[in-house]
Each structure stands twice: as structure tokens, then as C-alpha cells.
$ cat final.cif   # mmCIF, C-alpha atoms and all ligand atoms
data_input
#
loop_
_atom_site.group_PDB
_atom_site.id
_atom_site.type_symbol
_atom_site.label_atom_id
_atom_site.label_comp_id
_atom_site.auth_asym_id
_atom_site.auth_seq_id
_atom_site.Cartn_x
_atom_site.Cartn_y
_atom_site.Cartn_z
ATOM 1 C CA MET N 1 -3.855 18.780 7.217
ATOM 2 C CA SER N 2 -1.243 19.011 4.480
ATOM 3 C CA SER N 3 -1.007 16.128 1.987
ATOM 4 C CA LYS N 4 1.545 13.441 2.687
ATOM 5 C CA VAL N 5 3.156 11.748 -0.277
ATOM 6 C CA LEU N 6 4.731 8.419 0.644
ATOM 7 C CA ALA N 7 6.693 6.113 -1.676
ATOM 8 C CA PHE N 8 6.565 2.413 -0.768
ATOM 9 C CA ILE N 9 9.846 1.017 -1.977
ATOM 10 C CA ASN N 10 12.077 -2.031 -1.825
ATOM 11 C CA PHE N 11 14.073 -3.500 -4.679
ATOM 12 C CA LYS N 12 13.320 -6.907 -3.241
ATOM 13 C CA GLY N 13 10.131 -8.399 -4.676
ATOM 14 C CA GLY N 14 7.217 -9.908 -2.801
ATOM 15 C CA VAL N 15 7.915 -8.167 0.513
ATOM 16 C CA GLY N 16 4.431 -6.701 0.906
ATOM 17 C CA LYS N 17 4.710 -3.283 -0.792
ATOM 18 C CA THR N 18 1.361 -3.643 -2.520
ATOM 19 C CA ALA N 19 -0.375 -5.357 0.413
ATOM 20 C CA THR N 20 0.757 -2.545 2.694
ATOM 21 C CA VAL N 21 -0.326 0.210 0.307
ATOM 22 C CA VAL N 22 -3.758 -1.371 -0.293
ATOM 23 C CA ASN N 23 -4.471 -2.229 3.336
ATOM 24 C CA ILE N 24 -3.076 0.896 4.999
ATOM 25 C CA GLY N 25 -4.871 2.949 2.338
ATOM 26 C CA ALA N 26 -8.201 1.206 2.993
ATOM 27 C CA THR N 27 -7.779 1.400 6.773
ATOM 28 C CA LEU N 28 -6.958 5.122 6.658
ATOM 29 C CA VAL N 29 -10.266 5.641 4.846
ATOM 30 C CA ALA N 30 -12.384 3.183 6.865
ATOM 31 C CA LEU N 31 -11.182 3.926 10.398
ATOM 32 C CA HIS N 32 -9.627 7.404 10.182
ATOM 33 C CA GLU N 33 -11.856 9.122 7.632
ATOM 34 C CA ARG N 34 -8.851 10.227 5.619
ATOM 35 C CA LYS N 35 -8.952 10.758 1.859
ATOM 36 C CA VAL N 36 -6.383 8.560 0.146
ATOM 37 C CA LEU N 37 -4.979 8.270 -3.374
ATOM 38 C CA ILE N 38 -3.114 5.102 -4.338
ATOM 39 C CA VAL N 39 -0.856 5.586 -7.360
ATOM 40 C CA ASP N 40 0.093 2.273 -8.989
ATOM 41 C CA LEU N 41 3.501 2.654 -10.653
ATOM 42 C CA ASP N 42 4.269 -1.030 -11.141
ATOM 43 C CA PRO N 43 3.842 -2.627 -14.607
ATOM 44 C CA GLN N 44 2.662 -5.769 -12.782
ATOM 45 C CA SER N 45 -0.367 -3.607 -11.835
ATOM 46 C CA ASN N 46 -0.953 -5.608 -8.661
ATOM 47 C CA ALA N 47 -2.657 -2.831 -6.674
ATOM 48 C CA SER N 48 -4.940 -2.165 -9.665
ATOM 49 C CA LEU N 49 -5.805 -5.852 -10.118
ATOM 50 C CA TRP N 50 -6.403 -6.214 -6.389
ATOM 51 C CA LEU N 51 -8.811 -3.279 -6.169
ATOM 52 C CA MET N 52 -10.460 -3.443 -9.604
ATOM 53 C CA ARG N 53 -10.856 -7.061 -10.843
ATOM 54 C CA PRO N 54 -9.093 -8.053 -14.095
ATOM 55 C CA ASP N 55 -11.905 -7.430 -16.600
ATOM 56 C CA ARG N 56 -12.711 -3.951 -15.304
ATOM 57 C CA TRP N 57 -9.018 -3.070 -15.068
ATOM 58 C CA ARG N 58 -8.287 -4.307 -18.620
ATOM 59 C CA GLU N 59 -11.126 -2.287 -20.056
ATOM 60 C CA HIS N 60 -10.244 0.812 -18.047
ATOM 61 C CA VAL N 61 -6.550 0.943 -18.937
ATOM 62 C CA ALA N 62 -6.831 -0.319 -22.555
ATOM 63 C CA ARG N 63 -3.561 0.498 -24.398
ATOM 64 C CA GLY N 64 -2.352 2.227 -21.253
ATOM 65 C CA ARG N 65 -4.469 5.276 -21.941
ATOM 66 C CA ARG N 66 -6.263 5.658 -18.596
ATOM 67 C CA SER N 67 -3.323 4.627 -16.445
ATOM 68 C CA THR N 68 -0.116 5.987 -14.954
ATOM 69 C CA PHE N 69 1.653 4.867 -18.155
ATOM 70 C CA GLN N 70 0.067 7.861 -19.906
ATOM 71 C CA ILE N 71 1.847 10.261 -17.525
ATOM 72 C CA PHE N 72 5.252 8.921 -18.577
ATOM 73 C CA ASP N 73 4.318 8.530 -22.240
ATOM 74 C CA ASP N 74 3.202 12.184 -22.327
ATOM 75 C CA ALA N 75 6.541 13.266 -20.876
ATOM 76 C CA LEU N 76 8.382 11.300 -23.557
ATOM 77 C CA GLN N 77 6.198 12.496 -26.418
ATOM 78 C CA GLY N 78 5.800 16.074 -25.233
ATOM 79 C CA LYS N 79 2.018 15.567 -25.152
ATOM 80 C CA ASN N 80 -0.714 16.225 -22.647
ATOM 81 C CA ARG N 81 -3.136 13.328 -22.997
ATOM 82 C CA PHE N 82 -3.290 12.159 -19.376
ATOM 83 C CA ASP N 83 -6.686 13.014 -17.911
ATOM 84 C CA PHE N 84 -6.749 12.745 -14.110
ATOM 85 C CA ASP N 85 -10.545 12.565 -13.677
ATOM 86 C CA GLU N 86 -10.982 9.976 -16.426
ATOM 87 C CA THR N 87 -8.155 7.833 -15.092
ATOM 88 C CA LEU N 88 -9.238 7.942 -11.456
ATOM 89 C CA VAL N 89 -11.031 4.917 -9.965
ATOM 90 C CA ARG N 90 -13.147 5.910 -6.969
ATOM 91 C CA GLY N 91 -13.925 3.436 -4.188
ATOM 92 C CA VAL N 92 -13.993 -0.366 -4.132
ATOM 93 C CA VAL N 93 -16.803 -2.495 -5.570
ATOM 94 C CA THR N 94 -17.956 -5.041 -2.964
ATOM 95 C CA TRP N 95 -19.692 -8.434 -3.363
ATOM 96 C CA THR N 96 -23.085 -6.735 -3.443
ATOM 97 C CA GLY N 97 -22.049 -4.641 -6.431
ATOM 98 C CA PHE N 98 -22.115 -1.430 -4.393
ATOM 99 C CA THR N 99 -19.121 0.836 -4.031
ATOM 100 C CA ASP N 100 -17.563 1.113 -0.581
ATOM 101 C CA LEU N 101 -14.704 3.290 0.700
ATOM 102 C CA PRO N 102 -15.609 6.188 -1.632
ATOM 103 C CA ARG N 103 -12.687 8.240 -0.326
ATOM 104 C CA LEU N 104 -10.168 5.595 -1.477
ATOM 105 C CA HIS N 105 -9.051 6.566 -4.973
ATOM 106 C CA LEU N 106 -6.706 4.760 -7.354
ATOM 107 C CA LEU N 107 -4.689 5.743 -10.396
ATOM 108 C CA PRO N 108 -4.229 2.307 -11.994
ATOM 109 C CA ALA N 109 -1.115 1.055 -13.747
ATOM 110 C CA ALA N 110 -0.834 -0.757 -17.083
ATOM 111 C CA VAL N 111 1.659 -3.307 -18.412
ATOM 112 C CA GLU N 112 2.740 -0.695 -20.974
ATOM 113 C CA LEU N 113 4.772 0.833 -18.125
ATOM 114 C CA LEU N 114 7.347 -1.870 -18.911
ATOM 115 C CA ARG N 115 8.288 0.083 -22.042
ATOM 116 C CA ILE N 116 9.007 3.253 -20.115
ATOM 117 C CA GLU N 117 12.280 2.167 -18.554
ATOM 118 C CA ASP N 118 13.834 1.606 -22.008
ATOM 119 C CA ARG N 119 12.919 5.048 -23.320
ATOM 120 C CA ILE N 120 12.983 7.358 -20.357
ATOM 121 C CA HIS N 121 16.707 8.049 -20.697
ATOM 122 C CA GLU N 122 15.825 10.172 -23.711
ATOM 123 C CA LEU N 123 14.787 12.831 -21.187
ATOM 124 C CA ARG N 124 17.003 15.060 -19.053
ATOM 125 C CA ALA N 125 17.515 13.757 -15.511
ATOM 126 C CA SER N 126 15.667 16.731 -14.035
ATOM 127 C CA ALA N 127 12.695 16.114 -16.349
ATOM 128 C CA ILE N 128 12.587 12.433 -15.359
ATOM 129 C CA TYR N 129 12.590 13.226 -11.663
ATOM 130 C CA GLN N 130 9.823 15.797 -11.963
ATOM 131 C CA ILE N 131 7.355 13.817 -14.111
ATOM 132 C CA LEU N 132 4.978 12.877 -11.293
ATOM 133 C CA ASP N 133 5.260 16.184 -9.477
ATOM 134 C CA SER N 134 4.537 18.247 -12.552
ATOM 135 C CA THR N 135 1.564 16.106 -13.660
ATOM 136 C CA LEU N 136 -0.010 15.247 -10.311
ATOM 137 C CA GLY N 137 1.294 17.829 -7.848
ATOM 138 C CA THR N 138 -1.865 19.970 -7.960
ATOM 139 C CA GLN N 139 -4.162 16.938 -7.680
ATOM 140 C CA PHE N 140 -2.244 15.598 -4.690
ATOM 141 C CA LYS N 141 -3.414 18.600 -2.675
ATOM 142 C CA GLN N 142 -6.991 17.263 -2.396
ATOM 143 C CA TYR N 143 -5.835 14.136 -0.524
ATOM 144 C CA ASP N 144 -4.617 13.518 3.022
ATOM 145 C CA TYR N 145 -2.355 10.678 1.888
ATOM 146 C CA ILE N 146 -0.895 9.747 -1.481
ATOM 147 C CA LEU N 147 0.574 6.236 -1.430
ATOM 148 C CA LEU N 148 2.900 5.402 -4.326
ATOM 149 C CA ASP N 149 3.136 1.649 -4.982
ATOM 150 C CA CYS N 150 6.514 1.122 -6.664
ATOM 151 C CA PRO N 151 7.899 -1.814 -8.653
ATOM 152 C CA PRO N 152 10.595 -4.015 -7.090
ATOM 153 C CA ASN N 153 13.529 -1.991 -8.404
ATOM 154 C CA LEU N 154 15.112 1.438 -8.089
ATOM 155 C CA TYR N 155 14.950 2.405 -11.764
ATOM 156 C CA SER N 156 13.503 5.597 -13.205
ATOM 157 C CA THR N 157 9.837 5.101 -12.303
ATOM 158 C CA THR N 158 10.740 4.447 -8.683
ATOM 159 C CA LYS N 159 13.109 7.423 -8.727
ATOM 160 C CA THR N 160 10.295 9.748 -9.822
ATOM 161 C CA ALA N 161 8.223 8.384 -6.931
ATOM 162 C CA ILE N 162 11.006 8.965 -4.419
ATOM 163 C CA PHE N 163 11.569 12.454 -5.827
ATOM 164 C CA SER N 164 7.875 13.354 -5.346
ATOM 165 C CA ALA N 165 7.636 11.819 -1.897
ATOM 166 C CA ASP N 166 7.889 13.498 1.468
ATOM 167 C CA ASN N 167 9.033 10.187 2.872
ATOM 168 C CA CYS N 168 9.765 6.597 1.888
ATOM 169 C CA VAL N 169 8.242 3.564 3.580
ATOM 170 C CA VAL N 170 10.141 0.286 3.262
ATOM 171 C CA PRO N 171 8.130 -2.946 3.537
ATOM 172 C CA TYR N 172 10.438 -5.689 4.708
ATOM 173 C CA VAL N 173 10.319 -9.447 5.263
ATOM 174 C CA PRO N 174 12.532 -10.374 8.196
ATOM 175 C CA ASP N 175 15.075 -12.904 7.075
ATOM 176 C CA TYR N 176 18.823 -13.008 7.086
ATOM 177 C CA LEU N 177 19.313 -12.305 3.378
ATOM 178 C CA SER N 178 17.059 -9.231 3.413
ATOM 179 C CA LEU N 179 19.245 -7.437 5.922
ATOM 180 C CA SER N 180 22.148 -6.620 3.598
ATOM 181 C CA GLY N 181 19.595 -5.612 0.949
ATOM 182 C CA PHE N 182 18.118 -3.079 3.337
ATOM 183 C CA GLN N 183 21.530 -1.551 4.035
ATOM 184 C CA VAL N 184 22.149 -1.161 0.306
ATOM 185 C CA LEU N 185 18.717 0.400 -0.129
ATOM 186 C CA ALA N 186 19.374 2.955 2.631
ATOM 187 C CA GLU N 187 22.696 3.892 0.977
ATOM 188 C CA GLN N 188 21.007 4.255 -2.404
ATOM 189 C CA ILE N 189 18.490 6.697 -0.918
ATOM 190 C CA ILE N 190 21.346 8.815 0.422
ATOM 191 C CA GLU N 191 22.876 8.921 -3.084
ATOM 192 C CA MET N 192 19.543 9.892 -4.601
ATOM 193 C CA ARG N 193 19.061 12.675 -2.060
ATOM 194 C CA GLU N 194 22.290 14.212 -3.280
ATOM 195 C CA LYS N 195 21.308 13.896 -6.929
ATOM 196 C CA PHE N 196 17.858 15.368 -6.261
ATOM 197 C CA ALA N 197 19.093 18.249 -4.084
ATOM 198 C CA PRO N 198 19.621 20.828 -6.884
ATOM 199 C CA TYR N 199 16.052 20.263 -8.112
ATOM 200 C CA LEU N 200 14.423 20.547 -4.699
ATOM 201 C CA PRO N 201 15.412 24.004 -3.464
ATOM 202 C CA GLY N 202 13.613 24.854 -0.248
ATOM 203 C CA ARG N 203 11.835 21.518 -0.201
ATOM 204 C CA ARG N 204 12.398 18.610 2.102
ATOM 205 C CA LYS N 205 14.458 15.891 0.468
ATOM 206 C CA PRO N 206 12.954 12.390 0.655
ATOM 207 C CA ASN N 207 14.262 9.968 3.213
ATOM 208 C CA ILE N 208 13.318 6.688 4.824
ATOM 209 C CA GLY N 209 10.557 7.407 7.337
ATOM 210 C CA ALA N 210 9.486 3.936 8.365
ATOM 211 C CA LEU N 211 9.996 0.218 7.904
ATOM 212 C CA ILE N 212 7.068 -2.161 7.997
ATOM 213 C CA VAL N 213 7.555 -5.872 8.576
ATOM 214 C CA SER N 214 5.223 -8.250 6.727
ATOM 215 C CA HIS N 215 4.816 -12.029 6.558
ATOM 216 C CA TYR N 216 5.794 -12.282 10.222
ATOM 217 C CA ARG N 217 5.431 -15.754 11.721
ATOM 218 C CA GLN N 218 5.463 -16.327 15.449
ATOM 219 C CA SER N 219 6.521 -19.966 15.287
ATOM 220 C CA GLY N 220 10.141 -20.581 16.275
ATOM 221 C CA ASN N 221 12.728 -17.894 16.870
ATOM 222 C CA VAL N 222 13.805 -17.135 13.320
ATOM 223 C CA PHE N 223 11.561 -14.140 12.730
ATOM 224 C CA ARG N 224 12.014 -12.635 16.193
ATOM 225 C CA LEU N 225 15.797 -12.887 15.785
ATOM 226 C CA ALA N 226 15.643 -11.392 12.287
ATOM 227 C CA VAL N 227 13.623 -8.410 13.582
ATOM 228 C CA ASN N 228 16.188 -7.936 16.388
ATOM 229 C CA GLU N 229 18.962 -7.980 13.773
ATOM 230 C CA LEU N 230 17.066 -5.413 11.737
ATOM 231 C CA GLU N 231 16.733 -3.105 14.743
ATOM 232 C CA LEU N 232 20.456 -3.420 15.473
ATOM 233 C CA SER N 233 21.252 -2.689 11.851
ATOM 234 C CA MET N 234 18.958 0.370 11.902
ATOM 235 C CA ALA N 235 20.725 1.677 15.013
ATOM 236 C CA ALA N 236 24.127 1.244 13.318
ATOM 237 C CA LEU N 237 22.886 2.990 10.146
ATOM 238 C CA ARG N 238 21.556 5.895 12.251
ATOM 239 C CA GLU N 239 24.981 6.216 13.901
ATOM 240 C CA THR N 240 26.708 6.542 10.539
ATOM 241 C CA GLY N 241 24.077 8.950 9.193
ATOM 242 C CA VAL N 242 22.843 6.553 6.496
ATOM 243 C CA LEU N 243 19.425 6.384 8.169
ATOM 244 C CA PRO N 244 17.780 9.468 9.684
ATOM 245 C CA ASP N 245 17.279 9.470 13.466
ATOM 246 C CA SER N 246 13.536 9.693 12.905
ATOM 247 C CA ALA N 247 13.312 6.443 10.885
ATOM 248 C CA ILE N 248 11.470 3.793 12.881
ATOM 249 C CA LEU N 249 10.332 0.215 12.624
ATOM 250 C CA LEU N 250 6.583 0.670 12.743
ATOM 251 C CA GLN N 251 4.746 -1.745 15.056
ATOM 252 C CA PRO N 252 3.116 -4.178 15.016
ATOM 253 C CA CYS N 253 4.731 -6.542 12.518
ATOM 254 C CA ILE N 254 2.080 -7.758 10.065
ATOM 255 C CA ARG N 255 1.624 -11.451 10.679
ATOM 256 C CA HIS N 256 1.285 -13.895 7.810
ATOM 257 C CA CYS N 257 -2.479 -14.303 7.430
ATOM 258 C CA VAL N 258 -4.349 -16.493 4.970
ATOM 259 C CA ARG N 259 -7.207 -13.969 4.899
ATOM 260 C CA VAL N 260 -4.844 -11.320 3.506
ATOM 261 C CA ALA N 261 -3.676 -13.705 0.786
ATOM 262 C CA GLU N 262 -7.303 -14.604 -0.041
ATOM 263 C CA SER N 263 -8.417 -10.963 -0.129
ATOM 264 C CA THR N 264 -6.305 -10.334 -3.261
ATOM 265 C CA SER N 265 -8.404 -12.690 -5.389
ATOM 266 C CA GLU N 266 -11.609 -11.363 -3.815
ATOM 267 C CA HIS N 267 -10.505 -7.876 -4.922
ATOM 268 C CA LEU N 268 -11.070 -6.332 -1.529
ATOM 269 C CA PRO N 269 -8.785 -4.888 1.134
ATOM 270 C CA VAL N 270 -8.732 -7.204 4.162
ATOM 271 C CA ILE N 271 -10.726 -4.741 6.278
ATOM 272 C CA LEU N 272 -13.692 -5.326 3.942
ATOM 273 C CA TYR N 273 -13.011 -8.987 3.130
ATOM 274 C CA ALA N 274 -12.391 -10.299 6.662
ATOM 275 C CA PRO N 275 -12.749 -7.508 9.230
ATOM 276 C CA GLY N 276 -12.399 -9.942 12.147
ATOM 277 C CA SER N 277 -9.132 -11.515 10.915
ATOM 278 C CA ILE N 278 -5.711 -11.019 12.459
ATOM 279 C CA GLY N 279 -4.673 -9.375 9.182
ATOM 280 C CA ALA N 280 -7.364 -6.701 9.547
ATOM 281 C CA GLN N 281 -6.430 -6.258 13.229
ATOM 282 C CA ASP N 282 -2.698 -5.927 12.481
ATOM 283 C CA TYR N 283 -3.347 -3.366 9.743
ATOM 284 C CA ALA N 284 -5.714 -1.429 12.047
ATOM 285 C CA ASP N 285 -3.046 -1.257 14.788
ATOM 286 C CA LEU N 286 -0.305 -0.443 12.274
ATOM 287 C CA THR N 287 -2.368 2.293 10.622
ATOM 288 C CA GLN N 288 -2.922 3.965 14.012
ATOM 289 C CA ARG N 289 0.867 4.115 14.473
ATOM 290 C CA PHE N 290 1.255 5.268 10.886
ATOM 291 C CA VAL N 291 -1.115 8.202 11.519
ATOM 292 C CA ASP N 292 0.696 9.037 14.775
ATOM 293 C CA LEU N 293 4.037 9.042 12.959
ATOM 294 C CA PHE N 294 3.130 10.982 9.834
ATOM 295 C CA GLU N 295 0.761 13.406 11.557
ATOM 296 C CA GLY N 296 3.332 14.187 14.226
ATOM 297 C CA LYS N 297 1.699 12.542 17.252
ATOM 298 C CA LYS N 298 4.515 10.056 17.807
HETATM 299 N N1 LIG N 301 0.236 -10.516 5.761
HETATM 300 C C1 LIG N 301 0.150 -11.352 4.722
HETATM 301 N N2 LIG N 301 -0.267 -12.621 4.899
HETATM 302 C C2 LIG N 301 -0.357 -13.475 3.851
HETATM 303 N N3 LIG N 301 -0.039 -13.171 2.598
HETATM 304 C C3 LIG N 301 0.377 -11.921 2.362
HETATM 305 C C4 LIG N 301 0.499 -10.943 3.406
HETATM 306 N N4 LIG N 301 0.963 -9.786 2.851
HETATM 307 C C5 LIG N 301 1.116 -10.044 1.542
HETATM 308 N N5 LIG N 301 0.767 -11.305 1.244
HETATM 309 C C6 LIG N 301 0.841 -11.964 -0.066
HETATM 310 O O1 LIG N 301 2.205 -12.047 -0.431
HETATM 311 C C7 LIG N 301 2.377 -11.797 -1.802
HETATM 312 C C8 LIG N 301 3.373 -10.677 -2.014
HETATM 313 O O2 LIG N 301 2.846 -9.493 -1.451
HETATM 314 P P1 LIG N 301 2.848 -8.140 -2.268
HETATM 315 O O3 LIG N 301 2.336 -8.367 -3.646
HETATM 316 O O4 LIG N 301 2.163 -7.133 -1.431
HETATM 317 O O5 LIG N 301 4.416 -7.857 -2.321
HETATM 318 P P2 LIG N 301 5.159 -6.764 -3.208
HETATM 319 O O6 LIG N 301 6.357 -6.349 -2.442
HETATM 320 O O7 LIG N 301 4.218 -5.702 -3.607
HETATM 321 O O8 LIG N 301 5.575 -7.631 -4.483
HETATM 322 P P3 LIG N 301 6.244 -7.057 -5.839
HETATM 323 O O9 LIG N 301 7.649 -6.783 -5.505
HETATM 324 O O10 LIG N 301 6.068 -8.154 -6.839
HETATM 325 O O11 LIG N 301 5.496 -5.803 -6.197
HETATM 326 C C9 LIG N 301 1.003 -11.481 -2.366
HETATM 327 O O12 LIG N 301 0.494 -12.612 -3.015
HETATM 328 C C10 LIG N 301 0.171 -11.138 -1.165
HETATM 329 O O13 LIG N 301 -1.153 -11.551 -1.324
HETATM 330 MG MG MG N 302 3.783 -4.952 -5.531
#
$ encode --input "final.cif" --output "C-alpha cells" --more "lines below"
Ligand SMILES: Nc1ncnc2c1ncn2[C@@H]1O[C@H](COP(=O)(O)OP(=O)(O)OP(=O)(O)O)[C@@H](O)[C@H]1O
Ligand SMILES: [Mg+2]
Amino acid sequence: MSSKVLAFINFKGGVGKTATVVNIGATLVALHERKVLIVDLDPQSNASLWLMRPDRWREHVARGRRSTFQIFDDALQGKNRFDFDETLVRGVVTWTGFTDLPRLHLLPAAVELLRIEDRIHELRASAIYQILDSTLGTQFKQYDYILLDCPPNLYSTTKTAIFSADNCVVPYVPDYLSLSGFQVLAEQIIEMREKFAPYLPGRRKPNIGALIVSHYRQSGNVFRLAVNELELSMAALRETGVLPDSAILLQPCIRHCVRVAESTSEHLPVILYAPGSIGAQDYADLTQRFVDLFEGKK
């Protein structure tokens, strides 16, 4: 199977980008025997903190050295200090102290990434876009899935992720105010596709492949109505060519689940923390659809 590089994006914060990356990543490994690389590109380092614990993470990424920051810093300084094998975190340490999910790998982020956005304009646009591809492209080939966890914005770091990706996945919380944000996001991707085109000859340009709804609550009608609105909006955006025909709302919606929230501070994906929870069940069902979609069995 060829590697699939997927950028998880939304300029809205707190919509479940990291939760989706961590839990789909873990479920792909646990239930589908896929090999997965999570690339944390967010200075908040939430995916890294979730999967590593703060003390281990702090020690590992000290001064940003063994983190994705080094990739960008190298590009700015014209250096070659990023070491993939040294930076890579393999598997998840469980309560017993043993490592589980050995085929789930992580390139952690560091807060130093915050500095990148201020300096990256020193580079040519083409160099900015290609930073991840040129540093990690060869390494990506050993994985079935590469999941890029992006910060809640569409600045340069996110642009490099979108440039490297075969597809974008948009985590989304169904409420009225998010809808117009999604339309803007879809339009922004179209603009980026045009900007990227000259640098991607013969390669597929990134587009929105799927939306994933998180924090879904079944009480009342508000969420059901908001998901209906989203589907109507997606249909309208497909009509006008802003969204590709293939873009789908991936089912099921991930319900709000206390076990998922708790699993962050236990530093485990929900499939290890609470395998019997509705969160683990929703992610298992969603990941099956995810595999069907991205491996062409839709
Ligand atoms: N299904 C869920 N049920 C309960 N809590 C959840 C669920 N999914 C995510 N959360 C919690 O919601 C919060 C926001 O989720 P998450 O960090 O994944 O969003 P994000 O889009 O990555 O945020 P940011 O934009 O800051 O990167 C987190 O504290 C997470 O633990
Ligand atoms: Mg996040």
C-alpha cells in the first residue's frame, strides 16, 4: 500500500484535530495493523503531551532539538541538524511501564515552533512549502499513514503540511458559527491549490477529503440540525466547485465522551485507556470508514 499523508486542519481551535489524530492513529495500529506516523506541528504540542507525558516530552525536545521545530530551524539556518531516528518516539508507554502500539510513531513538537512563524518569511515561498517534503518525504515511505496535526491557523506551518498532504481532513464541531468558518476554510484551500500548483508538477494537489464531527451530543435537536446544515452546505460547495465531489462527512460523528477527555491526562489513546467506552467504539467505527475511504473501498 502506498503511504497516505493527511493534514488535519481547521483554523478554529478546540474542534478535535488532536483527539482525532491521536485516536484514529492508535486505532489504525491496534485494529488494522497499519504503521502510523503522527507529526505534531503545533507549538502547543498537544499530541506530544498526550502520548508522551510532560516530563518525558520536556526532556526529549529540550531546546526544540529533537522535535519538528528542528526541521524548520534547519531550513531557516541552512543547516542539517534534524535527526529522524533520534527524534522519533516509538509506541505508547502504558500504566505498567511497558510500551504498547509499537507501530504508532510520533515526531513531537516543541514550543519553539512559535518562533518559526515570525522568521519563515525570510525563505522563498517554494522553499517554505517544500520544507516537510524535502526533510521527511523519504521517511514517509515506511508508513501506511502519516497524520499531520496542525495548529489552529492557516499560517506557514499549516501550509507546509497541506502542501505535503495527499488530502486534508477537517475536524468540525457542529454549531451554527462553525458553518461559515468551514466555507471560508474550503475557499482558502482552493486558493492554496492554485499557489502550490507550479511546485507540484505531475503530483496530486491537496484537497479536502473528509470532515469529521467531534463533540457530538445527542440531547436536543441542536447538533442534529447543525450536522444537517453542514451537509447542505457541503452539497452547495460541491456544486460551485469549492469542495471536490469526493469530499464526504465521515460517519459516525464522535460523541462527546468523558473517557476521551480523561484519556488526555492519562497519556493514552482512548482505545488503550477505556476500550469499552463509547469514545473507543466511535473511533473504531470511524477508523473503519476512514480506511475504506482512503484505501479506496468506499
Ligand atoms: N469526543 C470527545 N469527548 C470529550 N472530550 C473531547 C472529545 N474530543 C476531544 N475532546 C477534548 O476537547 C478538547 C479539544 O480537543 P482537541 O485538543 O483535540 O482539539 P484541537 O482542535 O486539536 O485544539 P487546538 O485547536 O487547540 O489544537 C481537548 O481537551 C480534548 O480532550
Ligand atoms: Mg490540537
$ atom_distance --input "final.cif" --atom1 "CA of Leu179 (chain N)" --atom2 "CA of Asn228 (chain N)"
10.9 Å
$ residues_near_point --input "final.cif" --point "(-10.2, 6.8, -4.3)" --cutoff "12 Å" --atoms "only C-alpha atoms" --output "PyMOL selection string"
chain N and resi 22+25-26+28-30+34-39+48+51-52+84-85+87-93+99-108+140+142-147
$ atom_distance --input "final.cif" --atom1 "atom C1 of ligand LIG 301 (chain N)" --atom2 "CA of Gln288 (chain N)"
18.2 Å
$ axis_aligned_box --input "final.cif" --around "ligand LIG 301 (chain N)" --padding-each-side "6 Å" --output "AutoDock Vina command-line options"
--center_x 3.2 --center_y -9.6 --center_z -0.5 --size_x 20.8 --size_y 19.8 --size_z 24.6
$ residues_near_ligand --input "final.cif" --ligand "ligand LIG 301 (chain N)" --cutoff "10 Å" --atoms "all atoms listed in the file" --output "JSON, numbers by chain"
{"N": [8, 9, 10, 11, 12, 13, 14, 15, 16, 17, 18, 19, 20, 21, 22, 23, 41, 42, 43, 44, 45, 46, 47, 50, 149, 150, 151, 152, 153, 170, 171, 172, 173, 213, 214, 215, 216, 217, 253, 254, 255, 256, 257, 258, 259, 260, 261, 262, 263, 264, 265, 270, 278, 279, 280, 282, 283]}
$ atom_distance --input "final.cif" --atom1 "CA of Leu268 (chain N)" --atom2 "CA of Gly64 (chain N)"
23.2 Å
$ residues_around --input "final.cif" --residues "region 127-131 of chain N" --least-positions-apart "3" --cutoff "6 Å" --atoms "only C-alpha atoms" --output "list in words"
Arg124, Ser134, Thr160 and Phe163 of chain N
$ residues_near_point --input "final.cif" --point "(21.7, -2.9, 0.1)" --cutoff "12 Å" --atoms "all atoms listed in the file" --output "number ranges by chain"
N: 10-12, 153-154, 177-190, 233, 237, 242
$ write_last_selection --input "final.cif" --atoms "C-alpha atoms" --output "PDB file, in the coordinates of the input"
ATOM      1  CA  ASN N  10      12.077  -2.031  -1.825  1.00  0.00           C
ATOM      2  CA  PHE N  11      14.073  -3.500  -4.679  1.00  0.00           C
ATOM      3  CA  LYS N  12      13.320  -6.907  -3.241  1.00  0.00           C
ATOM      4  CA  ASN N 153      13.529  -1.991  -8.404  1.00  0.00           C
ATOM      5  CA  LEU N 154      15.112   1.438  -8.089  1.00  0.00           C
ATOM      6  CA  LEU N 177      19.313 -12.305   3.378  1.00  0.00           C
ATOM      7  CA  SER N 178      17.059  -9.231   3.413  1.00  0.00           C
ATOM      8  CA  LEU N 179      19.245  -7.437   5.922  1.00  0.00           C
ATOM      9  CA  SER N 180      22.148  -6.620   3.598  1.00  0.00           C
ATOM     10  CA  GLY N 181      19.595  -5.612   0.949  1.00  0.00           C
ATOM     11  CA  PHE N 182      18.118  -3.079   3.337  1.00  0.00           C
ATOM     12  CA  GLN N 183      21.530  -1.551   4.035  1.00  0.00           C
ATOM     13  CA  VAL N 184      22.149  -1.161   0.306  1.00  0.00           C
ATOM     14  CA  LEU N 185      18.717   0.400  -0.129  1.00  0.00           C
ATOM     15  CA  ALA N 186      19.374   2.955   2.631  1.00  0.00           C
ATOM     16  CA  GLU N 187      22.696   3.892   0.977  1.00  0.00           C
ATOM     17  CA  GLN N 188      21.007   4.255  -2.404  1.00  0.00           C
ATOM     18  CA  ILE N 189      18.490   6.697  -0.918  1.00  0.00           C
ATOM     19  CA  ILE N 190      21.346   8.815   0.422  1.00  0.00           C
ATOM     20  CA  SER N 233      21.252  -2.689  11.851  1.00  0.00           C
ATOM     21  CA  LEU N 237      22.886   2.990  10.146  1.00  0.00           C
ATOM     22  CA  VAL N 242      22.843   6.553   6.496  1.00  0.00           C
TER      23      VAL N 242
END
$ residues_around --input "final.cif" --residues "Ser126 (chain N)" --least-positions-apart "4" --cutoff "12 Å" --atoms "only C-alpha atoms" --output "list in words"
Ala75, Ile120, His121, Glu122, Gln130, Ile131, Leu132, Asp133, Ser134, Ser156, Lys159, Thr160, Phe163, Lys195, Phe196, Ala197, Pro198, Tyr199 and Leu200 of chain N
$ resolve_selection --input "final.cif" --expression "the PyMOL selection byres (((chain N and resi 245-252) around 8) and not hetatm)" --output "number ranges by chain"
N: 208-213, 231, 238, 243-244, 253-254, 282, 285-286, 289-290
$ closest_residue --input "final.cif" --among "N:Lys141, N:Ser67, N:Pro201, N:Leu49" --to "ligand MG 302 (chain N)" --atoms "all atoms listed in the file"
N:Leu49
$ resolve_selection --input "final.cif" --expression "the PyMOL selection byres (((chain N and resi 166-168) around 6) and not hetatm)" --output "list in words"
Val5, Leu6, Ala7, Phe8, Ala165, Val169, Pro206, Asn207, Ile208 and Gly209 of chain N
$ closest_residue --input "final.cif" --among "N:Thr27, N:Asp40, N:Glu117, N:His32" --to "ligand MG 302 (chain N)" --atoms "all atoms listed in the file"
N:Asp40
$ closest_residue --input "final.cif" --among "N:Arg81, N:Glu239, N:Lys297, N:Leu148" --to "ligand MG 302 (chain N)" --atoms "only C-alpha atoms and all ligand atoms"
N:Leu148
$ closest_residue --input "final.cif" --among "N:Ala125, N:Ala109, N:Ala62, N:Leu31" --to "ligand MG 302 (chain N)" --atoms "only C-alpha atoms and all ligand atoms"
N:Ala109
